[in-house]
Amino acid sequence: MTLLAVQNVTKRFGGLVANDAIAFDVPAQSVFAVIGPNGAGKTTLFNVISGFLSPSEGRIAFDGADITGLAQRAIAARGLVRTYQLVQLFKDLTVAENVQVGFHLVTKGAIGAALLRPRWMRQQEARVREQANELLGFVGLAAQAEARADTLPYGQQRLLEVARALAASPKLLLLDEPAAGLNTAETQALAEVILRIRARGITVLLIEHDMSLVMQIAQRIVVLDFGKKIAEGTPDEIKAHPDVIAAYLGTNLGTEAAHA
Amino acid sequence: MTSRSITFTRRFSPVEIGGALAGLALLAFVLVHGGYFVTVIGFAAIYGIFCTGLNFFMGYTGQASFGQNAFAALGGYGTAILCAGQGWQPILALPVTMVISGAIALIVGYPTLRLRGHYLAMATFALGLITYELSIEWIDLTQGYMGYAGIPPLGIGRYELGSDREQLVVLVIVLLLGVWIAQRLKDSRFGRALRAIAGSEAAANALGIDIARYKLAAFVVAAVYASVAGSLFAHFIGFISPEVFGLSMVTLSFTMLYLGGIGTIWGPIVGAVIVSMLPEAFRGLKELQDIAYAGVLILILIFFPRGLAALPGMIAQWRGAKTGAAP
(Lines give C-alpha, C1' and ligand atoms only; values in the text may rest on other atoms or scores of the structure.)
Protein backbone atom coordinates (compact mmCIF):
# COMPACT_ATOMS: atom_id res chain seq x y z
CA MET A 1 0.00 0.00 0.00
CA THR A 2 1.28 3.44 -0.91
CA LEU A 3 1.39 5.86 2.02
CA LEU A 4 2.93 8.83 0.24
CA ALA A 5 2.70 9.50 -3.49
CA VAL A 6 4.88 12.22 -4.99
CA GLN A 7 3.41 12.94 -8.42
CA ASN A 8 5.46 14.95 -10.91
CA VAL A 9 6.48 17.56 -8.36
CA THR A 10 8.27 20.57 -9.82
CA LYS A 11 9.57 23.44 -7.71
CA ARG A 12 11.03 26.55 -9.34
CA PHE A 13 12.77 29.45 -7.63
CA GLY A 14 12.74 32.09 -10.36
CA GLY A 15 14.69 30.51 -13.20
CA LEU A 16 16.17 27.77 -11.05
CA VAL A 17 14.43 24.41 -11.22
CA ALA A 18 15.19 22.81 -7.85
CA ASN A 19 12.85 19.86 -8.40
CA ASP A 20 12.01 18.76 -11.94
CA ALA A 21 8.93 16.51 -12.30
CA ILE A 22 9.91 14.16 -9.51
CA ALA A 23 7.68 11.12 -8.96
CA PHE A 24 7.85 8.16 -6.59
CA ASP A 25 5.65 6.16 -4.22
CA VAL A 26 6.61 5.45 -0.63
CA PRO A 27 5.08 2.14 0.51
CA ALA A 28 3.66 1.97 4.03
CA GLN A 29 5.87 0.57 6.78
CA SER A 30 9.10 0.87 4.86
CA VAL A 31 12.29 2.84 5.25
CA PHE A 32 12.63 4.92 2.10
CA ALA A 33 15.65 7.09 1.32
CA VAL A 34 16.26 10.05 -0.97
CA ILE A 35 19.94 10.50 -1.76
CA GLY A 36 21.94 12.72 -4.09
CA PRO A 37 24.93 15.03 -4.22
CA ASN A 38 24.85 18.49 -2.61
CA GLY A 39 22.46 20.80 -4.42
CA ALA A 40 20.48 17.93 -5.94
CA GLY A 41 17.22 19.34 -4.55
CA LYS A 42 16.68 16.92 -1.66
CA THR A 43 15.86 19.46 1.02
CA THR A 44 13.62 21.41 -1.35
CA LEU A 45 11.70 18.20 -2.03
CA PHE A 46 11.36 17.64 1.71
CA ASN A 47 10.14 21.18 2.23
CA VAL A 48 7.53 20.68 -0.49
CA ILE A 49 6.35 17.34 0.90
CA SER A 50 6.07 18.68 4.46
CA GLY A 51 4.17 21.79 3.35
CA PHE A 52 6.94 24.25 4.24
CA LEU A 53 6.92 25.23 0.53
CA SER A 54 4.19 24.65 -2.01
CA PRO A 55 5.11 23.00 -5.31
CA SER A 56 5.07 24.95 -8.58
CA GLU A 57 3.51 21.94 -10.29
CA GLY A 58 2.50 18.43 -9.36
CA ARG A 59 0.61 16.78 -6.56
CA ILE A 60 1.37 15.13 -3.25
CA ALA A 61 -0.98 12.51 -1.86
CA PHE A 62 -0.65 11.26 1.71
CA ASP A 63 -2.67 8.46 3.23
CA GLY A 64 -5.17 8.59 0.37
CA ALA A 65 -5.77 12.37 0.48
CA ASP A 66 -4.38 15.25 -1.55
CA ILE A 67 -2.19 17.39 0.74
CA THR A 68 -0.73 19.65 -1.98
CA GLY A 69 -0.43 23.21 -0.72
CA LEU A 70 -1.76 22.52 2.78
CA ALA A 71 -0.05 24.37 5.66
CA GLN A 72 2.69 22.49 7.44
CA ARG A 73 0.60 22.39 10.60
CA ALA A 74 -2.35 20.80 8.81
CA ILE A 75 -0.08 18.22 7.21
CA ALA A 76 1.49 17.42 10.59
CA ALA A 77 -2.00 16.93 12.01
CA ARG A 78 -2.64 14.28 9.35
CA GLY A 79 0.36 12.31 10.55
CA LEU A 80 3.27 13.53 8.44
CA VAL A 81 5.89 14.92 10.82
CA ARG A 82 9.37 16.13 9.94
CA THR A 83 12.68 16.95 11.55
CA TYR A 84 15.15 19.55 10.30
CA GLN A 85 18.66 19.25 8.90
CA LEU A 86 19.97 21.58 11.59
CA VAL A 87 18.85 20.37 15.00
CA GLN A 88 15.94 22.53 16.18
CA LEU A 89 15.54 21.73 19.85
CA PHE A 90 13.81 23.83 22.47
CA LYS A 91 17.08 24.62 24.20
CA ASP A 92 15.79 26.12 27.43
CA LEU A 93 13.51 23.15 28.06
CA THR A 94 14.56 19.87 29.61
CA VAL A 95 14.93 16.74 27.50
CA ALA A 96 11.63 15.40 28.87
CA GLU A 97 9.82 18.71 28.24
CA ASN A 98 11.00 18.70 24.63
CA VAL A 99 9.26 15.39 24.09
CA GLN A 100 6.20 16.55 26.02
CA VAL A 101 5.82 19.43 23.54
CA GLY A 102 5.76 16.77 20.82
CA PHE A 103 2.38 15.57 22.13
CA HIS A 104 0.77 18.91 21.28
CA LEU A 105 -1.14 17.56 18.28
CA VAL A 106 -2.53 14.53 20.09
CA THR A 107 -3.59 16.41 23.24
CA LYS A 108 -5.98 19.30 23.91
CA GLY A 109 -6.68 22.14 26.31
CA ALA A 110 -5.58 25.78 26.41
CA ILE A 111 -5.64 28.53 29.03
CA GLY A 112 -8.88 27.53 30.72
CA ALA A 113 -7.84 23.93 31.19
CA ALA A 114 -4.37 24.98 32.33
CA LEU A 115 -5.87 27.23 35.00
CA LEU A 116 -8.70 25.04 36.27
CA ARG A 117 -6.93 21.70 35.75
CA PRO A 118 -10.03 19.53 35.46
CA ARG A 119 -9.71 15.79 35.96
CA TRP A 120 -9.22 14.98 32.27
CA MET A 121 -6.42 17.54 32.08
CA ARG A 122 -4.57 16.05 35.03
CA GLN A 123 -4.96 12.58 33.52
CA GLN A 124 -3.73 13.87 30.16
CA GLU A 125 -0.68 15.47 31.79
CA ALA A 126 0.15 12.24 33.62
CA ARG A 127 -0.20 10.32 30.35
CA VAL A 128 2.00 12.83 28.50
CA ARG A 129 4.72 12.51 31.14
CA GLU A 130 4.59 8.74 31.13
CA GLN A 131 4.62 8.42 27.33
CA ALA A 132 7.39 11.01 27.02
CA ASN A 133 9.54 8.94 29.36
CA GLU A 134 8.64 5.82 27.40
CA LEU A 135 9.80 7.50 24.15
CA LEU A 136 13.02 8.67 25.80
CA GLY A 137 13.66 5.06 26.80
CA PHE A 138 12.91 4.03 23.21
CA VAL A 139 15.71 6.22 21.81
CA GLY A 140 18.00 5.55 24.79
CA LEU A 141 17.82 8.93 26.53
CA ALA A 142 15.93 7.95 29.70
CA ALA A 143 18.89 8.85 31.93
CA GLN A 144 19.08 12.39 30.50
CA ALA A 145 15.38 13.22 30.96
CA GLU A 146 15.91 16.09 33.40
CA ALA A 147 18.95 17.63 31.66
CA ARG A 148 18.59 20.83 29.66
CA ALA A 149 18.32 19.92 25.98
CA ASP A 150 21.32 22.02 24.89
CA THR A 151 23.65 20.21 27.31
CA LEU A 152 23.32 16.96 25.34
CA PRO A 153 26.05 15.91 22.91
CA TYR A 154 25.09 16.40 19.27
CA GLY A 155 24.30 12.76 18.59
CA GLN A 156 21.85 12.64 21.49
CA GLN A 157 20.26 15.91 20.37
CA ARG A 158 19.45 14.15 17.09
CA LEU A 159 17.87 11.24 18.93
CA LEU A 160 15.89 13.66 21.09
CA GLU A 161 14.54 15.34 17.97
CA VAL A 162 13.42 11.96 16.68
CA ALA A 163 11.74 11.12 20.01
CA ARG A 164 9.96 14.47 19.96
CA ALA A 165 8.68 13.88 16.44
CA LEU A 166 7.46 10.40 17.44
CA ALA A 167 5.40 11.97 20.24
CA ALA A 168 3.12 13.47 17.58
CA SER A 169 2.13 9.90 16.58
CA PRO A 170 3.18 10.21 12.94
CA LYS A 171 2.26 7.72 10.24
CA LEU A 172 5.19 9.00 8.21
CA LEU A 173 8.36 10.42 9.74
CA LEU A 174 10.51 12.66 7.54
CA LEU A 175 14.14 12.79 8.66
CA ASP A 176 16.34 15.44 7.01
CA GLU A 177 19.96 14.20 7.08
CA PRO A 178 19.66 12.65 10.53
CA ALA A 179 23.24 11.33 10.47
CA ALA A 180 24.87 14.63 9.51
CA GLY A 181 27.64 15.41 11.97
CA LEU A 182 27.39 12.09 13.81
CA ASN A 183 30.33 9.77 14.43
CA THR A 184 30.25 6.07 13.53
CA ALA A 185 28.95 4.88 16.89
CA GLU A 186 26.25 7.58 16.97
CA THR A 187 25.22 6.75 13.38
CA GLN A 188 24.91 3.09 14.37
CA ALA A 189 22.70 4.00 17.34
CA LEU A 190 20.55 6.11 15.00
CA ALA A 191 20.27 3.26 12.47
CA GLU A 192 19.00 0.96 15.19
CA VAL A 193 16.44 3.53 16.34
CA ILE A 194 15.19 4.01 12.76
CA LEU A 195 14.74 0.27 12.32
CA ARG A 196 12.84 0.06 15.60
CA ILE A 197 10.62 2.95 14.49
CA ARG A 198 9.74 0.97 11.40
CA ALA A 199 9.07 -2.07 13.57
CA ARG A 200 6.45 0.07 15.36
CA GLY A 201 4.62 0.40 12.05
CA ILE A 202 5.79 3.93 11.26
CA THR A 203 7.05 4.66 7.75
CA VAL A 204 10.34 6.53 7.55
CA LEU A 205 11.39 8.75 4.65
CA LEU A 206 14.90 10.08 5.00
CA ILE A 207 17.31 12.29 3.13
CA GLU A 208 20.83 11.18 3.76
CA HIS A 209 24.40 11.71 2.71
CA ASP A 210 25.76 8.80 4.71
CA MET A 211 25.67 6.00 2.11
CA SER A 212 26.57 3.24 4.56
CA LEU A 213 23.55 4.17 6.71
CA VAL A 214 21.21 4.31 3.73
CA MET A 215 22.41 1.02 2.27
CA GLN A 216 22.02 -0.63 5.66
CA ILE A 217 18.48 0.44 6.57
CA ALA A 218 16.57 1.54 3.44
CA GLN A 219 14.37 -0.84 1.45
CA ARG A 220 14.08 1.54 -1.45
CA ILE A 221 16.15 4.49 -2.59
CA VAL A 222 15.49 7.40 -4.94
CA VAL A 223 18.52 9.23 -6.33
CA LEU A 224 18.29 12.92 -7.28
CA ASP A 225 20.83 14.86 -9.29
CA PHE A 226 20.42 18.48 -10.49
CA GLY A 227 16.75 18.40 -9.44
CA LYS A 228 15.88 15.28 -11.44
CA LYS A 229 15.23 11.73 -10.36
CA ILE A 230 17.97 9.68 -12.01
CA ALA A 231 17.36 6.31 -10.40
CA GLU A 232 15.08 4.36 -8.08
CA GLY A 233 15.49 0.88 -6.67
CA THR A 234 16.75 -1.38 -3.91
CA PRO A 235 20.15 -0.63 -2.34
CA ASP A 236 21.80 -3.29 -4.50
CA GLU A 237 20.25 -1.91 -7.69
CA ILE A 238 21.32 1.62 -6.76
CA LYS A 239 24.89 0.58 -5.99
CA ALA A 240 25.22 -0.92 -9.48
CA HIS A 241 23.37 1.86 -11.35
CA PRO A 242 25.76 3.56 -13.84
CA ASP A 243 24.04 7.00 -13.62
CA VAL A 244 24.33 6.96 -9.84
CA ILE A 245 28.02 6.10 -9.98
CA ALA A 246 28.50 8.90 -12.51
CA ALA A 247 26.60 11.40 -10.36
CA TYR A 248 28.60 10.57 -7.26
CA LEU A 249 32.04 10.01 -8.75
CA GLY A 250 31.85 12.24 -11.85
CA THR A 251 31.53 11.12 -15.46
CA ASN A 252 35.22 11.37 -16.27
CA LEU A 253 36.19 9.16 -13.40
CA GLY A 254 33.45 6.78 -14.45
CA THR A 255 34.75 6.47 -18.00
CA GLU A 256 38.34 6.24 -16.84
CA ALA A 257 37.34 3.44 -14.52
CA ALA A 258 35.57 1.73 -17.42
CA HIS A 259 38.68 2.05 -19.55
CA ALA A 260 41.00 0.75 -16.91
CA MET B 1 9.54 9.41 57.83
CA THR B 2 12.67 9.58 55.70
CA SER B 3 10.79 9.44 52.42
CA ARG B 4 8.54 12.20 53.69
CA SER B 5 11.40 14.51 54.50
CA ILE B 6 12.92 13.76 51.10
CA THR B 7 9.77 14.75 49.23
CA PHE B 8 9.58 17.85 51.41
CA THR B 9 13.10 18.97 50.58
CA ARG B 10 12.44 18.23 46.93
CA ARG B 11 9.38 20.39 46.80
CA PHE B 12 10.93 23.32 48.66
CA SER B 13 14.62 23.94 48.23
CA PRO B 14 16.52 25.89 50.91
CA VAL B 15 16.60 28.84 48.52
CA GLU B 16 12.83 28.81 48.14
CA ILE B 17 12.30 28.60 51.89
CA GLY B 18 14.86 31.36 52.42
CA GLY B 19 13.21 33.51 49.75
CA ALA B 20 9.77 33.04 51.29
CA LEU B 21 11.10 33.92 54.77
CA ALA B 22 12.92 36.99 53.43
CA GLY B 23 9.75 38.09 51.66
CA LEU B 24 7.67 37.64 54.82
CA ALA B 25 10.27 39.47 56.92
CA LEU B 26 10.32 42.35 54.46
CA LEU B 27 6.53 42.56 54.46
CA ALA B 28 6.36 42.39 58.26
CA PHE B 29 8.99 45.12 58.62
CA VAL B 30 7.19 47.38 56.18
CA LEU B 31 3.81 46.82 57.84
CA VAL B 32 5.24 47.61 61.28
CA HIS B 33 7.38 50.52 60.15
CA GLY B 34 4.73 52.00 57.88
CA GLY B 35 5.20 55.35 56.14
CA TYR B 36 7.09 55.70 52.89
CA PHE B 37 8.22 52.05 52.84
CA VAL B 38 4.62 50.98 52.32
CA THR B 39 4.50 53.01 49.12
CA VAL B 40 7.83 51.58 47.89
CA ILE B 41 6.81 47.96 48.47
CA GLY B 42 3.34 48.70 47.11
CA PHE B 43 4.99 49.89 43.87
CA ALA B 44 7.13 46.74 43.88
CA ALA B 45 4.00 44.56 44.17
CA ILE B 46 2.26 46.47 41.35
CA TYR B 47 5.31 46.21 39.11
CA GLY B 48 5.63 42.56 40.11
CA ILE B 49 2.16 41.95 38.66
CA PHE B 50 3.01 43.93 35.52
CA CYS B 51 6.27 42.02 34.99
CA THR B 52 4.71 38.63 35.69
CA GLY B 53 2.40 39.33 32.77
CA LEU B 54 5.14 40.72 30.54
CA ASN B 55 7.13 37.58 31.31
CA PHE B 56 4.51 35.51 29.43
CA PHE B 57 5.19 37.37 26.24
CA MET B 58 8.89 38.17 26.61
CA GLY B 59 10.10 35.34 28.85
CA TYR B 60 8.19 32.18 27.98
CA THR B 61 7.26 33.04 24.38
CA GLY B 62 10.51 34.92 23.66
CA GLN B 63 8.89 37.91 21.88
CA ALA B 64 9.68 41.58 22.40
CA SER B 65 7.10 44.13 23.52
CA PHE B 66 8.15 47.69 24.27
CA GLY B 67 4.56 48.81 24.53
CA GLN B 68 2.96 46.87 27.36
CA ASN B 69 2.64 50.17 29.26
CA ALA B 70 -0.25 50.91 26.88
CA PHE B 71 -2.35 48.28 28.64
CA ALA B 72 -1.36 49.53 32.09
CA ALA B 73 -2.57 52.96 30.93
CA LEU B 74 -5.85 51.41 29.73
CA GLY B 75 -6.32 49.76 33.11
CA GLY B 76 -5.35 52.89 35.03
CA TYR B 77 -7.46 55.33 33.04
CA GLY B 78 -10.32 52.85 32.79
CA THR B 79 -10.36 52.64 36.56
CA ALA B 80 -10.06 56.41 36.97
CA ILE B 81 -12.88 57.15 34.56
CA LEU B 82 -15.20 54.44 35.86
CA CYS B 83 -14.56 54.91 39.59
CA ALA B 84 -13.78 58.61 39.95
CA GLY B 85 -15.77 59.85 36.95
CA GLN B 86 -18.78 57.51 36.95
CA GLY B 87 -18.79 56.44 40.58
CA TRP B 88 -18.46 52.70 39.88
CA GLN B 89 -17.46 50.18 42.52
CA PRO B 90 -13.72 49.31 42.22
CA ILE B 91 -14.56 45.61 42.45
CA LEU B 92 -16.74 45.99 39.34
CA ALA B 93 -14.42 48.34 37.45
CA LEU B 94 -11.44 45.99 37.77
CA PRO B 95 -12.85 43.05 35.76
CA VAL B 96 -14.45 45.44 33.24
CA THR B 97 -11.12 47.18 32.53
CA MET B 98 -9.43 43.76 32.33
CA VAL B 99 -11.89 42.62 29.67
CA ILE B 100 -11.53 45.89 27.74
CA SER B 101 -7.73 45.70 27.82
CA GLY B 102 -7.76 42.03 26.80
CA ALA B 103 -10.14 42.78 23.91
CA ILE B 104 -8.01 45.69 22.69
CA ALA B 105 -4.86 43.54 22.96
CA LEU B 106 -6.61 40.93 20.82
CA ILE B 107 -7.56 43.48 18.15
CA VAL B 108 -4.21 45.29 18.14
CA GLY B 109 -2.14 42.11 18.51
CA TYR B 110 -3.73 40.25 15.60
CA PRO B 111 -2.04 42.36 12.88
CA THR B 112 0.98 43.45 14.97
CA LEU B 113 2.15 39.97 15.94
CA ARG B 114 2.73 39.05 12.30
CA LEU B 115 5.93 41.03 12.72
CA ARG B 116 9.05 39.54 14.22
CA GLY B 117 12.14 40.63 16.10
CA HIS B 118 13.03 44.29 15.74
CA TYR B 119 9.93 45.06 13.69
CA LEU B 120 7.70 43.69 16.43
CA ALA B 121 9.68 45.71 18.99
CA MET B 122 9.16 48.91 16.96
CA ALA B 123 5.45 48.27 16.41
CA THR B 124 4.79 47.62 20.08
CA PHE B 125 6.89 50.65 20.98
CA ALA B 126 4.60 52.72 18.77
CA LEU B 127 1.62 51.25 20.59
CA GLY B 128 2.94 52.60 23.88
CA LEU B 129 3.68 56.02 22.37
CA ILE B 130 0.23 56.31 20.80
CA THR B 131 -1.46 55.48 24.09
CA TYR B 132 0.76 58.01 25.87
CA GLU B 133 -0.14 60.74 23.36
CA LEU B 134 -3.83 59.86 23.62
CA SER B 135 -3.70 60.14 27.39
CA ILE B 136 -2.27 63.66 27.00
CA GLU B 137 -4.40 64.94 24.13
CA TRP B 138 -7.82 63.40 24.81
CA ILE B 139 -8.45 65.86 27.61
CA ASP B 140 -12.23 65.32 27.82
CA LEU B 141 -11.60 61.72 28.76
CA THR B 142 -8.26 61.73 30.57
CA GLN B 143 -7.89 65.30 31.86
CA GLY B 144 -4.58 65.48 29.97
CA TYR B 145 -1.35 66.57 31.66
CA MET B 146 -3.23 67.54 34.80
CA GLY B 147 -3.90 63.92 35.54
CA TYR B 148 -6.91 62.22 37.09
CA ALA B 149 -7.38 62.69 40.81
CA GLY B 150 -9.87 61.42 43.35
CA ILE B 151 -9.69 57.72 42.53
CA PRO B 152 -11.05 55.77 45.52
CA PRO B 153 -9.00 53.01 47.17
CA LEU B 154 -9.97 49.38 46.61
CA GLY B 155 -12.99 48.20 48.49
CA ILE B 156 -16.27 46.30 48.42
CA GLY B 157 -19.57 48.09 48.85
CA ARG B 158 -19.38 50.56 51.76
CA TYR B 159 -16.11 49.08 52.98
CA GLU B 160 -12.97 50.78 51.70
CA LEU B 161 -9.36 49.90 52.44
CA GLY B 162 -8.65 53.03 54.42
CA SER B 163 -4.98 52.75 55.26
CA ASP B 164 -1.99 52.23 53.03
CA ARG B 165 -1.09 49.17 55.08
CA GLU B 166 -4.41 47.46 54.32
CA GLN B 167 -3.98 48.29 50.66
CA LEU B 168 -0.48 46.82 50.66
CA VAL B 169 -1.76 43.53 52.09
CA VAL B 170 -4.35 43.34 49.30
CA LEU B 171 -1.71 44.19 46.67
CA VAL B 172 0.49 41.35 47.93
CA ILE B 173 -2.46 38.94 47.88
CA VAL B 174 -3.30 39.93 44.28
CA LEU B 175 0.38 39.53 43.37
CA LEU B 176 0.54 36.03 44.86
CA LEU B 177 -2.68 35.13 43.04
CA GLY B 178 -1.08 36.39 39.82
CA VAL B 179 2.02 34.28 40.44
CA TRP B 180 -0.11 31.23 41.22
CA ILE B 181 -2.00 31.67 37.93
CA ALA B 182 1.28 32.17 36.04
CA GLN B 183 2.69 28.98 37.55
CA ARG B 184 -0.38 26.99 36.50
CA LEU B 185 -0.33 28.39 32.97
CA LYS B 186 3.40 27.77 32.62
CA ASP B 187 3.26 24.12 33.70
CA SER B 188 0.73 23.02 31.12
CA ARG B 189 0.24 22.19 27.47
CA PHE B 190 -0.35 25.91 26.91
CA GLY B 191 2.86 26.96 28.68
CA ARG B 192 4.92 24.31 26.94
CA ALA B 193 3.68 25.55 23.57
CA LEU B 194 4.72 29.11 24.45
CA ARG B 195 8.18 27.99 25.53
CA ALA B 196 8.51 25.85 22.41
CA ILE B 197 7.89 28.94 20.26
CA ALA B 198 10.70 30.74 22.10
CA GLY B 199 13.00 27.79 21.43
CA SER B 200 12.36 27.26 17.72
CA GLU B 201 9.41 28.47 15.67
CA ALA B 202 10.29 26.05 12.88
CA ALA B 203 10.19 23.03 15.17
CA ALA B 204 7.07 24.25 16.99
CA ASN B 205 5.32 24.63 13.65
CA ALA B 206 6.43 21.17 12.54
CA LEU B 207 4.89 19.73 15.72
CA GLY B 208 1.54 21.35 14.92
CA ILE B 209 1.64 24.37 17.25
CA ASP B 210 -0.38 27.31 15.88
CA ILE B 211 2.33 29.92 16.38
CA ALA B 212 0.31 33.05 15.57
CA ARG B 213 -2.47 31.98 17.91
CA TYR B 214 -0.24 31.18 20.85
CA LYS B 215 1.75 34.41 20.48
CA LEU B 216 -1.53 36.32 20.50
CA ALA B 217 -2.70 34.44 23.60
CA ALA B 218 0.55 35.31 25.42
CA PHE B 219 0.17 38.94 24.36
CA VAL B 220 -3.40 39.10 25.68
CA VAL B 221 -2.43 37.44 28.98
CA ALA B 222 0.38 39.99 29.37
CA ALA B 223 -2.05 42.83 28.57
CA VAL B 224 -4.57 41.66 31.18
CA TYR B 225 -1.86 41.52 33.86
CA ALA B 226 -0.69 45.00 32.79
CA SER B 227 -4.24 46.29 33.01
CA VAL B 228 -4.63 44.95 36.55
CA ALA B 229 -1.32 46.60 37.50
CA GLY B 230 -2.54 49.93 36.06
CA SER B 231 -5.85 49.72 37.91
CA LEU B 232 -4.16 48.82 41.21
CA PHE B 233 -1.78 51.74 40.81
CA ALA B 234 -4.73 54.10 40.36
CA HIS B 235 -6.45 52.77 43.50
CA PHE B 236 -3.24 52.70 45.55
CA ILE B 237 -2.10 56.27 44.83
CA GLY B 238 -5.49 57.77 44.08
CA PHE B 239 -4.06 59.83 41.22
CA ILE B 240 -2.70 59.06 37.76
CA SER B 241 -1.15 61.14 35.00
CA PRO B 242 0.25 60.25 31.56
CA GLU B 243 3.80 60.12 32.99
CA VAL B 244 2.91 57.20 35.26
CA PHE B 245 2.43 54.94 32.23
CA GLY B 246 5.15 56.56 30.09
CA LEU B 247 8.45 55.28 28.78
CA SER B 248 9.95 54.95 32.24
CA MET B 249 7.50 52.11 32.86
CA VAL B 250 9.01 50.22 29.91
CA THR B 251 12.62 50.67 31.00
CA LEU B 252 11.83 49.92 34.64
CA SER B 253 9.96 46.73 33.82
CA PHE B 254 12.72 45.54 31.46
CA THR B 255 15.31 46.12 34.16
CA MET B 256 13.20 44.14 36.64
CA LEU B 257 12.67 41.25 34.22
CA TYR B 258 16.32 40.85 33.23
CA LEU B 259 17.66 41.49 36.71
CA GLY B 260 15.29 39.07 38.41
CA GLY B 261 15.48 36.41 35.73
CA ILE B 262 13.37 36.42 32.60
CA GLY B 263 11.40 33.27 31.90
CA THR B 264 11.22 32.22 35.56
CA ILE B 265 8.22 32.37 37.88
CA TRP B 266 9.80 34.34 40.74
CA GLY B 267 12.32 36.34 38.73
CA PRO B 268 9.96 39.22 37.91
CA ILE B 269 9.01 39.57 41.59
CA VAL B 270 12.62 39.48 42.80
CA GLY B 271 13.52 42.05 40.15
CA ALA B 272 10.57 44.29 41.03
CA VAL B 273 11.44 44.32 44.74
CA ILE B 274 15.15 44.99 44.18
CA VAL B 275 14.73 47.66 41.52
CA SER B 276 12.12 49.42 43.68
CA MET B 277 14.29 49.34 46.78
CA LEU B 278 17.73 50.10 45.32
CA PRO B 279 17.17 53.88 44.92
CA GLU B 280 16.03 54.03 48.57
CA ALA B 281 19.14 52.16 49.71
CA PHE B 282 21.36 54.70 47.95
CA ARG B 283 19.44 57.74 49.08
CA GLY B 284 22.29 58.74 51.44
CA LEU B 285 24.69 59.01 48.51
CA LYS B 286 22.79 62.06 47.22
CA GLU B 287 24.06 63.00 43.73
CA LEU B 288 25.98 59.71 43.40
CA GLN B 289 22.71 57.82 43.84
CA ASP B 290 22.04 57.20 40.14
CA ILE B 291 25.61 56.13 39.49
CA ALA B 292 25.58 53.63 42.35
CA TYR B 293 22.22 52.31 41.15
CA ALA B 294 23.48 51.84 37.59
CA GLY B 295 26.70 50.25 38.90
CA VAL B 296 24.82 47.63 40.90
CA LEU B 297 22.62 46.81 37.91
CA ILE B 298 25.64 46.34 35.66
CA LEU B 299 27.42 44.14 38.22
CA ILE B 300 24.38 41.90 38.63
CA LEU B 301 23.93 41.55 34.87
CA ILE B 302 27.64 40.69 34.40
CA PHE B 303 27.78 38.06 37.13
CA PHE B 304 24.23 36.71 36.85
CA PRO B 305 23.35 37.13 33.18
CA ARG B 306 20.33 34.86 33.60
CA GLY B 307 19.11 36.97 36.50
CA LEU B 308 19.03 36.48 40.23
CA ALA B 309 16.38 33.76 40.00
CA ALA B 310 18.96 31.58 38.23
CA LEU B 311 21.15 31.75 41.33
CA PRO B 312 19.80 28.59 43.05
CA GLY B 313 20.39 26.61 39.86
CA MET B 314 23.95 27.95 39.63
CA ILE B 315 24.61 27.03 43.26
CA ALA B 316 23.18 23.53 42.74
CA GLN B 317 25.36 23.09 39.65
CA TRP B 318 28.43 24.31 41.51
CA ARG B 319 27.66 21.91 44.37
CA GLY B 320 27.07 19.04 41.94
CA ALA B 321 30.40 19.73 40.26
CA LYS B 322 32.09 19.83 43.67
CA THR B 323 30.67 16.55 44.99
CA GLY B 324 31.26 14.92 41.64
CA ALA B 325 27.84 13.46 40.90
CA ALA B 326 24.50 15.21 40.80
CA PRO B 327 21.55 13.08 41.96
# chains A, B, ... in the order shown; residues from 1 in each chain; ligands from 1
call {"tool": "residues_around", "arguments": {"residues": "A:Val222", "least_positions_apart": "3", "cutoff": "9 Å", "atoms": "only C-alpha atoms", "output": "NGL selection string"}}
result
:A and (24 or 32-36 or 229-234 or 238)
call {"tool": "interface_residues", "arguments": {"of": "chain B", "to": "chain A", "cutoff": "9 Å", "atoms": "only C-alpha atoms", "output": "JSON, numbers by chain"}}
result
{"B": [181, 182, 184, 185, 186, 187, 188, 189, 190, 191, 192, 193, 195, 196, 197, 198, 199, 200, 201, 202, 203, 204, 205, 206, 207, 208, 209, 210, 217]}
call {"tool": "residues_around", "arguments": {"residues": "stretch 287-301 of chain B", "least_positions_apart": "2", "cutoff": "12 Å", "atoms": "only C-alpha atoms", "output": "ChimeraX atom specification"}}
result
/B:252,254-262,271,274-285,303-311
call {"tool": "residues_around", "arguments": {"residues": "stretch 130-138 of chain B", "least_positions_apart": "5", "cutoff": "6 Å", "atoms": "only C-alpha atoms", "output": "VMD selection string"}}
result
chain B and resid 70 144 to 145 242
call {"tool": "residues_around", "arguments": {"residues": "B:Gly53", "least_positions_apart": "4", "cutoff": "8 Å", "atoms": "only C-alpha atoms", "output": "PyMOL selection string"}}
result
chain B and resi 49+57+182+221-226
